[in-house]
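Peer 1: Input file: protein_37.txt. Contents: compact mmCIF, C-alpha atoms.
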```txt
# COMPACT_ATOMS: atom_id res chain seq x y z
CA MET A 85 -21.21 -8.55 -61.29
CA SER A 86 -22.31 -6.87 -58.05
CA LEU A 87 -20.16 -7.88 -55.09
CA PRO A 88 -20.55 -7.14 -51.37
CA GLN A 89 -18.22 -4.72 -49.62
CA GLU A 90 -17.37 -7.22 -46.88
CA MET A 91 -16.82 -10.96 -46.56
CA ARG A 92 -16.82 -13.46 -43.73
CA PHE A 93 -13.53 -15.17 -42.92
CA VAL A 94 -11.98 -17.35 -40.22
CA ASP A 95 -10.22 -14.97 -37.84
CA LEU A 96 -7.35 -15.86 -35.52
CA LYS A 97 -7.19 -13.60 -32.48
CA SER A 98 -4.23 -15.60 -31.15
CA PHE A 99 -2.35 -18.83 -31.74
CA GLY A 100 -3.54 -22.00 -30.02
CA GLY A 101 -6.14 -24.74 -30.17
CA PRO A 102 -9.16 -24.91 -32.47
CA ASP A 103 -11.19 -22.63 -30.20
CA VAL A 104 -9.05 -19.59 -31.12
CA MET A 105 -10.78 -19.52 -34.53
CA MET A 106 -13.91 -17.43 -34.97
CA ILE A 107 -15.88 -15.99 -37.86
CA GLY A 108 -15.09 -12.34 -38.55
CA LYS A 109 -15.68 -9.79 -41.30
CA ARG A 110 -13.27 -7.80 -43.42
CA PRO A 111 -13.33 -5.92 -46.75
CA LEU A 112 -13.22 -7.90 -50.02
CA PRO A 113 -9.77 -8.05 -51.63
CA ALA A 114 -9.36 -6.84 -55.22
CA ALA A 115 -7.71 -8.89 -57.96
CA GLY A 116 -4.26 -7.57 -58.82
CA GLU A 117 -1.84 -8.36 -61.64
CA GLY A 118 -2.13 -12.02 -62.63
CA GLU A 119 -4.80 -12.79 -60.03
CA VAL A 120 -8.43 -13.86 -59.99
CA LEU A 121 -10.97 -13.33 -57.21
CA VAL A 122 -12.95 -16.49 -56.45
CA ARG A 123 -16.20 -16.71 -54.53
CA ALA A 124 -15.68 -19.83 -52.44
CA GLU A 125 -18.06 -22.78 -52.57
CA ALA A 126 -15.87 -25.37 -50.81
CA ILE A 127 -12.59 -25.26 -48.89
CA GLY A 128 -10.06 -27.96 -47.97
CA VAL A 129 -8.82 -28.35 -44.39
CA ASN A 130 -5.17 -29.40 -44.19
CA ARG A 131 -2.37 -30.07 -41.72
CA PRO A 132 -0.51 -26.85 -42.60
CA ASP A 133 -3.65 -24.94 -41.53
CA ILE A 134 -3.36 -26.51 -38.08
CA ALA A 135 0.34 -25.65 -37.91
CA GLN A 136 -0.39 -22.01 -38.88
CA ARG A 137 -3.18 -21.83 -36.29
CA GLN A 138 -0.72 -23.07 -33.66
CA GLY A 139 1.88 -20.50 -34.70
CA SER A 140 4.48 -22.89 -36.16
CA TYR A 141 3.85 -22.28 -39.89
CA PRO A 142 3.83 -18.54 -40.64
CA PRO A 143 2.64 -17.46 -44.09
CA PRO A 144 5.12 -15.88 -46.52
CA LYS A 145 5.39 -12.10 -46.24
CA ASP A 146 3.48 -11.53 -49.49
CA ALA A 147 0.67 -13.99 -48.67
CA SER A 148 -2.67 -13.45 -46.96
CA PRO A 149 -2.47 -14.05 -43.19
CA ILE A 150 -5.87 -15.78 -43.33
CA LEU A 151 -5.77 -19.58 -42.97
CA GLY A 152 -6.40 -21.88 -45.92
CA LEU A 153 -4.51 -23.24 -48.92
CA GLU A 154 -7.16 -24.61 -51.30
CA LEU A 155 -10.69 -23.92 -52.43
CA SER A 156 -13.11 -24.15 -55.30
CA GLY A 157 -15.75 -21.76 -56.56
CA GLU A 158 -16.66 -19.19 -59.19
CA ILE A 159 -14.42 -16.47 -60.58
CA VAL A 160 -15.99 -13.09 -59.81
CA GLY A 161 -13.06 -10.83 -60.64
CA VAL A 162 -10.12 -10.96 -63.07
CA GLY A 163 -7.00 -8.86 -62.67
CA PRO A 164 -4.73 -7.44 -65.37
CA GLY A 165 -2.55 -9.93 -67.22
CA VAL A 166 -4.85 -12.92 -66.76
CA SER A 167 -5.70 -14.89 -69.89
CA GLY A 168 -7.71 -18.06 -70.38
CA TYR A 169 -10.10 -17.40 -67.50
CA ALA A 170 -13.17 -15.20 -67.21
CA VAL A 171 -15.82 -14.15 -64.71
CA GLY A 172 -18.24 -17.04 -64.22
CA ASP A 173 -15.68 -19.83 -64.70
CA LYS A 174 -15.73 -22.62 -62.09
CA VAL A 175 -12.22 -23.29 -60.83
CA CYS A 176 -10.30 -24.87 -58.00
CA GLY A 177 -6.93 -23.62 -56.94
CA LEU A 178 -3.94 -23.61 -54.63
CA ALA A 179 -3.92 -20.46 -52.50
CA ASN A 180 -0.83 -18.95 -50.92
CA GLY A 181 -3.15 -18.17 -48.01
CA GLY A 182 -6.63 -16.78 -47.50
CA ALA A 183 -8.83 -19.75 -48.48
CA TYR A 184 -10.81 -19.76 -45.19
CA ALA A 185 -13.04 -16.96 -46.44
CA GLU A 186 -16.06 -16.32 -48.65
CA TYR A 187 -13.77 -14.74 -51.27
CA CYS A 188 -10.13 -15.50 -52.00
CA LEU A 189 -7.44 -14.22 -54.36
CA LEU A 190 -5.66 -16.88 -56.41
CA PRO A 191 -2.69 -16.50 -58.78
CA SER A 192 -3.91 -17.49 -62.23
CA GLY A 193 -1.01 -19.96 -62.55
CA GLN A 194 -2.37 -21.94 -59.61
CA ILE A 195 -5.96 -22.52 -60.75
CA LEU A 196 -7.51 -25.37 -62.70
CA PRO A 197 -10.98 -26.01 -64.10
CA PHE A 198 -13.30 -28.44 -62.32
CA PRO A 199 -12.66 -31.91 -63.75
CA LYS A 200 -15.67 -32.97 -65.82
CA GLY A 201 -18.42 -34.31 -63.59
CA TYR A 202 -16.96 -32.82 -60.41
CA ASP A 203 -18.89 -30.72 -57.89
CA ALA A 204 -17.36 -28.00 -55.72
CA VAL A 205 -16.47 -30.27 -52.79
CA LYS A 206 -14.61 -32.83 -54.91
CA ALA A 207 -12.83 -30.07 -56.85
CA ALA A 208 -11.74 -28.26 -53.68
CA ALA A 209 -10.26 -31.51 -52.33
CA LEU A 210 -7.70 -31.62 -55.16
CA PRO A 211 -5.18 -28.74 -55.18
CA GLU A 212 -3.14 -29.00 -51.96
CA THR A 213 -2.60 -32.75 -51.99
CA PHE A 214 -2.24 -33.17 -55.76
CA PHE A 215 0.25 -30.27 -56.08
CA THR A 216 2.26 -31.70 -53.16
CA VAL A 217 2.26 -35.33 -54.32
CA TRP A 218 3.05 -34.47 -57.93
CA ALA A 219 5.94 -32.18 -57.00
CA ASN A 220 7.55 -34.48 -54.45
CA LEU A 221 6.78 -37.98 -55.71
CA PHE A 222 6.97 -37.45 -59.47
CA GLN A 223 8.97 -34.28 -60.21
CA MET A 224 11.60 -34.53 -57.45
CA ALA A 225 11.75 -38.26 -56.60
CA GLY A 226 11.09 -39.23 -60.23
CA LEU A 227 8.68 -42.12 -59.67
CA THR A 228 8.18 -44.12 -62.87
CA GLU A 229 6.35 -47.23 -64.00
CA GLY A 230 7.66 -50.46 -62.47
CA GLU A 231 9.22 -48.83 -59.41
CA SER A 232 8.13 -49.43 -55.82
CA VAL A 233 7.13 -46.81 -53.27
CA LEU A 234 6.35 -46.69 -49.54
CA ILE A 235 3.88 -44.00 -48.53
CA HIS A 236 3.63 -43.06 -44.88
CA GLY A 237 0.31 -41.76 -43.55
CA GLY A 238 -1.56 -43.73 -46.18
CA THR A 239 -5.05 -42.62 -45.11
CA SER A 240 -4.26 -38.90 -44.89
CA GLY A 241 -5.27 -36.59 -47.72
CA ILE A 242 -1.70 -36.77 -49.02
CA GLY A 243 -1.57 -40.54 -48.55
CA THR A 244 -4.82 -41.38 -50.31
CA THR A 245 -3.76 -39.18 -53.22
CA ALA A 246 -0.23 -40.62 -53.40
CA ILE A 247 -1.42 -44.24 -53.32
CA GLN A 248 -3.82 -43.70 -56.20
CA LEU A 249 -1.46 -41.67 -58.37
CA ALA A 250 1.49 -44.02 -57.84
CA ARG A 251 -0.68 -47.02 -58.73
CA ALA A 252 -2.17 -45.23 -61.75
CA PHE A 253 1.33 -44.63 -63.12
CA GLY A 254 2.33 -48.27 -62.71
CA ALA A 255 4.18 -48.35 -59.39
CA GLU A 256 4.02 -51.04 -56.70
CA VAL A 257 2.71 -49.34 -53.57
CA TYR A 258 3.11 -50.00 -49.85
CA ALA A 259 1.56 -47.75 -47.20
CA THR A 260 1.59 -47.33 -43.43
CA ALA A 261 -1.49 -46.58 -41.35
CA GLY A 262 -2.56 -46.81 -37.72
CA SER A 263 -5.19 -49.55 -37.68
CA ALA A 264 -6.27 -52.70 -39.49
CA GLU A 265 -9.24 -50.80 -40.92
CA LYS A 266 -7.01 -48.03 -42.24
CA CYS A 267 -4.60 -50.56 -43.74
CA GLU A 268 -7.54 -52.16 -45.51
CA ALA A 269 -8.55 -48.73 -46.83
CA CYS A 270 -5.02 -48.28 -48.24
CA GLU A 271 -5.23 -51.62 -50.00
CA LYS A 272 -8.62 -50.78 -51.49
CA LEU A 273 -7.05 -47.63 -52.95
CA GLY A 274 -4.30 -49.66 -54.63
CA ALA A 275 -1.61 -50.47 -52.07
CA LYS A 276 -0.20 -53.99 -52.34
CA ARG A 277 0.23 -54.06 -48.57
CA GLY A 278 -1.03 -51.84 -45.79
CA ILE A 279 1.35 -51.86 -42.81
CA ASN A 280 -0.04 -51.18 -39.33
CA TYR A 281 2.70 -49.07 -37.76
CA ARG A 282 1.24 -49.63 -34.27
CA SER A 283 1.75 -53.40 -34.40
CA GLU A 284 4.34 -53.94 -37.17
CA ASP A 285 7.85 -52.69 -37.93
CA PHE A 286 7.44 -51.24 -41.40
CA ALA A 287 11.14 -51.71 -42.18
CA ALA A 288 10.90 -55.43 -41.43
CA VAL A 289 7.75 -55.76 -43.52
CA ILE A 290 9.30 -53.94 -46.48
CA LYS A 291 12.39 -56.18 -46.30
CA ALA A 292 10.21 -59.30 -46.20
CA GLU A 293 7.93 -58.11 -49.02
CA THR A 294 10.58 -56.78 -51.42
CA GLY A 295 13.89 -58.33 -50.47
CA GLN A 296 15.85 -55.30 -51.64
CA GLY A 297 13.73 -52.40 -50.32
CA VAL A 298 11.61 -49.86 -52.16
CA ASP A 299 12.78 -47.31 -54.72
CA ILE A 300 11.08 -44.29 -53.15
CA ILE A 301 9.62 -43.34 -49.76
CA LEU A 302 7.22 -40.43 -49.34
CA ASP A 303 7.53 -39.44 -45.69
CA MET A 304 5.66 -36.96 -43.48
CA ILE A 305 7.02 -38.24 -40.14
CA GLY A 306 10.65 -37.10 -40.26
CA ALA A 307 13.12 -37.86 -37.46
CA ALA A 308 11.21 -40.72 -35.81
CA TYR A 309 11.27 -42.73 -39.06
CA PHE A 310 14.55 -41.55 -40.58
CA GLU A 311 16.81 -44.51 -39.80
CA ARG A 312 14.15 -47.12 -40.68
CA ASN A 313 13.37 -45.21 -43.87
CA ILE A 314 17.03 -45.39 -44.92
CA ALA A 315 17.04 -49.13 -44.12
CA SER A 316 13.89 -49.61 -46.23
CA LEU A 317 15.32 -48.11 -49.42
CA ALA A 318 16.86 -50.14 -52.22
CA LYS A 319 20.08 -49.10 -53.95
CA ASP A 320 19.79 -45.73 -55.70
CA GLY A 321 16.59 -45.12 -53.75
CA CYS A 322 15.14 -41.76 -52.77
CA LEU A 323 13.64 -40.54 -49.48
CA SER A 324 11.30 -37.58 -50.05
CA ILE A 325 10.38 -35.76 -46.83
CA ILE A 326 7.35 -33.45 -46.83
CA ALA A 327 6.62 -32.92 -43.10
CA PHE A 328 8.00 -33.54 -39.60
CA LEU A 329 5.09 -34.96 -37.61
CA GLY A 330 7.63 -37.14 -35.76
CA GLY A 331 10.20 -34.39 -35.23
CA ALA A 332 12.71 -32.49 -37.35
CA VAL A 333 15.95 -33.44 -35.55
CA ALA A 334 17.35 -36.96 -35.87
CA GLU A 335 20.19 -37.74 -33.42
CA LYS A 336 22.75 -40.57 -33.44
CA VAL A 337 21.73 -41.73 -36.90
CA ASN A 338 24.03 -43.98 -38.93
CA LEU A 339 24.48 -42.19 -42.25
CA SER A 340 26.74 -44.77 -43.91
CA PRO A 341 23.87 -46.59 -45.72
CA ILE A 342 23.24 -43.38 -47.67
CA MET A 343 26.71 -43.70 -49.20
CA VAL A 344 26.76 -47.48 -49.52
CA LYS A 345 23.36 -47.62 -51.26
CA ARG A 346 23.84 -44.33 -53.19
CA LEU A 347 20.64 -42.90 -51.70
CA THR A 348 19.10 -39.49 -52.29
CA VAL A 349 17.41 -37.63 -49.44
CA THR A 350 15.27 -34.73 -50.55
CA GLY A 351 12.34 -32.67 -49.33
CA SER A 352 10.32 -29.56 -49.93
CA THR A 353 7.40 -27.46 -48.81
CA MET A 354 4.90 -26.09 -51.29
CA ARG A 355 4.15 -22.64 -49.92
CA PRO A 356 7.57 -20.96 -50.45
CA ARG A 357 7.86 -22.18 -54.06
CA THR A 358 7.86 -19.48 -56.72
CA ALA A 359 4.87 -18.67 -58.87
CA GLU A 360 6.71 -20.14 -61.86
CA GLU A 361 7.36 -23.42 -60.04
CA LYS A 362 3.72 -23.71 -58.99
CA ARG A 363 2.56 -22.92 -62.52
CA ALA A 364 4.76 -25.75 -63.85
CA ILE A 365 3.18 -28.17 -61.37
CA ARG A 366 -0.28 -26.92 -62.37
CA ASP A 367 0.49 -27.49 -66.04
CA ASP A 368 1.64 -31.06 -65.35
CA LEU A 369 -1.49 -31.79 -63.34
CA LEU A 370 -3.71 -30.47 -66.10
CA SER A 371 -2.06 -32.62 -68.78
CA GLU A 372 -1.16 -35.77 -66.80
CA VAL A 373 -3.63 -36.05 -63.91
CA TRP A 374 -6.86 -34.28 -64.90
CA PRO A 375 -7.58 -36.97 -67.56
CA LEU A 376 -7.25 -39.63 -64.83
CA LEU A 377 -9.71 -37.74 -62.62
CA GLU A 378 -12.19 -37.35 -65.47
CA ALA A 379 -11.89 -41.06 -66.33
CA GLY A 380 -12.48 -42.06 -62.71
CA THR A 381 -9.09 -43.77 -62.43
CA VAL A 382 -8.18 -41.49 -59.54
CA ALA A 383 -10.53 -39.59 -57.20
CA PRO A 384 -10.23 -37.59 -53.97
CA VAL A 385 -11.34 -39.43 -50.85
CA ILE A 386 -13.74 -37.25 -48.84
CA HIS A 387 -14.05 -38.21 -45.18
CA LYS A 388 -16.43 -35.54 -43.89
CA VAL A 389 -17.87 -32.19 -44.96
CA PHE A 390 -18.55 -29.41 -42.44
CA ALA A 391 -20.29 -26.07 -42.82
CA PHE A 392 -17.97 -23.05 -42.94
CA GLU A 393 -19.24 -22.00 -39.50
CA ASP A 394 -18.14 -25.36 -38.04
CA VAL A 395 -14.45 -24.88 -38.83
CA VAL A 396 -13.53 -25.52 -35.17
CA GLU A 397 -15.07 -29.00 -35.33
CA ALA A 398 -13.33 -29.68 -38.65
CA HIS A 399 -9.93 -28.88 -37.09
CA ARG A 400 -10.68 -31.08 -34.09
CA LEU A 401 -11.47 -34.02 -36.36
CA LEU A 402 -8.28 -33.56 -38.37
CA GLU A 403 -6.18 -33.38 -35.20
CA GLU A 404 -7.77 -36.56 -33.82
CA GLY A 405 -6.43 -38.45 -36.84
CA SER A 406 -9.41 -40.78 -37.22
CA HIS A 407 -10.16 -39.62 -40.75
CA VAL A 408 -9.55 -41.42 -44.04
CA GLY A 409 -9.03 -38.82 -46.76
CA LYS A 410 -10.01 -35.17 -46.82
CA VAL A 411 -11.90 -32.96 -44.37
CA MET A 412 -13.82 -30.20 -46.15
CA LEU A 413 -15.82 -27.03 -45.52
CA THR A 414 -18.74 -25.75 -47.61
CA VAL A 415 -19.57 -22.06 -47.85
```
Write the structure described by the file as structure tokens, please.
Peer 2:
Amino acid sequence: MSLPQEMRFVDLKSFGGPDVMMIGKRPLPAAGEGEVLVRAEAIGVNRPDIAQRQGSYPPPKDASPILGLELSGEIVGVGPGVSGYAVGDKVCGLANGGAYAEYCLLPSGQILPFPKGYDAVKAAALPETFFTVWANLFQMAGLTEGESVLIHGGTSGIGTTAIQLARAFGAEVYATAGSAEKCEACEKLGAKRGINYRSEDFAAVIKAETGQGVDIILDMIGAAYFERNIASLAKDGCLSIIAFLGGAVAEKVNLSPIMVKRLTVTGSTMRPRTAEEKRAIRDDLLSEVWPLLEAGTVAPVIHKVFAFEDVVEAHRLLEEGSHVGKVMLTV
């Protein structure tokens, strides 16, 4: 396969607002041990991309400094030690960095085939949110059938994924969102109750709805919600924190309910996980979740698709917070 010498990518000349991003050119990377080179067809836009653009989420030392954590496209190069994939295969994958480009290197343990019937945009909308939700809600928090879960940010990419997966595996789901319309969207996706955090106290609603609290909370707010999250958990419950949109430092918090109710507080970020850990998540997704996608039980929610060249506008939309589901780029 003949490949160009150079590729377009989203360049950051400095940290700051969306306007610091511009389209640049650089040489194509070459697939190394255990890697595949993918020609991008669609790219997901995510909150960590905004944080990296602003300078608060630096990539790991061994990762590409280019923005972007997920994409879909065609394999155009296969490195040594890769089995099960070949040039021409259509895949989507979780990148350690570098997805905002026409070509991207992906570890072979972090790629998956397109679910049957999926196009590039739908496939590219899967990796970042599905890896994150599976790892935090199912592997770490241990959500099982018959349990109850509160999902904050219910109309985000993470939220729309978490609501659907939790419901598909038999959980009772509650979700917070910032408007009546967004709460309705959460309920259409499978939430028993959407809670408008602008006009309702979610802790009071959870107490009224459940009596005892929920078994698990998936939280991306952090400090601003910490005490109410603890109050909203039932005995032996688990708070799983995946981001700090409401701050990382909680002061003057009463910790005694954690002991009294035997609570677990956990959290993680995806990017620093080892290749082996990410491969294990990938394997679970392929066996447990891909059949749900192919059956139509679960599906990514796509809010808007932008051209690659309009990445600045895509970031502005995501920062505004008016979206329901994923914001995508097409190459």
Peer 1: Please, what distance in Å, to one decimal, runs between CA of Glu404 (chain A) and CA of Ala259 (chain A)?
Peer 2: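 It comes out at 19.8 Å.
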Peer 1: For CA of Ala334 (chain A) and CA of Val349 (chain A), quote the distance in Å rounded to one decimal.
Peer 2: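 Between CA of Ala334 (chain A) and CA of Val349 (chain A) the gap is 13.6 Å.
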Peer 1: Go through region 262-325 of chain A and flag each residue having an atom no more than 9 Å from region 335-338 of chain A; for those, report the closest pair of atoms plus their distance in Å to one decimal, using only C-alpha atoms, ordered by chain and rising number, as JSON lines.
Peer 2:
```
{"residue": "A:Ala307", "atom": "CA", "partner": "A:Glu335", "partner_atom": "CA", "distance": 8.1}
{"residue": "A:Phe310", "atom": "CA", "partner": "A:Val337", "partner_atom": "CA", "distance": 8.1}
{"residue": "A:Glu311", "atom": "CA", "partner": "A:Val337", "partner_atom": "CA", "distance": 6.4}
```
Peer 1: Would you save the residues from that selection as a PDB file, keeping the file's coordinate frame, using C-alpha atoms?
Peer 2:
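In the end it all went to selection04.pdb:
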```
ATOM      1  CA  ALA A 307      13.120 -37.860 -37.460  1.00  0.00           C
ATOM      2  CA  PHE A 310      14.550 -41.550 -40.580  1.00  0.00           C
ATOM      3  CA  GLU A 311      16.810 -44.510 -39.800  1.00  0.00           C
TER       4      GLU A 311
END
```
Peer 1: As an exercise, work out the distance from CA of His407 (chain A) to CA of Val385 (chain A) in Å and give it to one decimal place.
Peer 2: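 That distance, rounded to one decimal, is 10.2 Å.
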Peer 1: Go through A:Ser406, A:Thr216, A:Ser283, A:Ser340 and flag the residue nearest Thr353 (chain A), using all atoms listed in the file for the distances.
Peer 2: A:Thr216
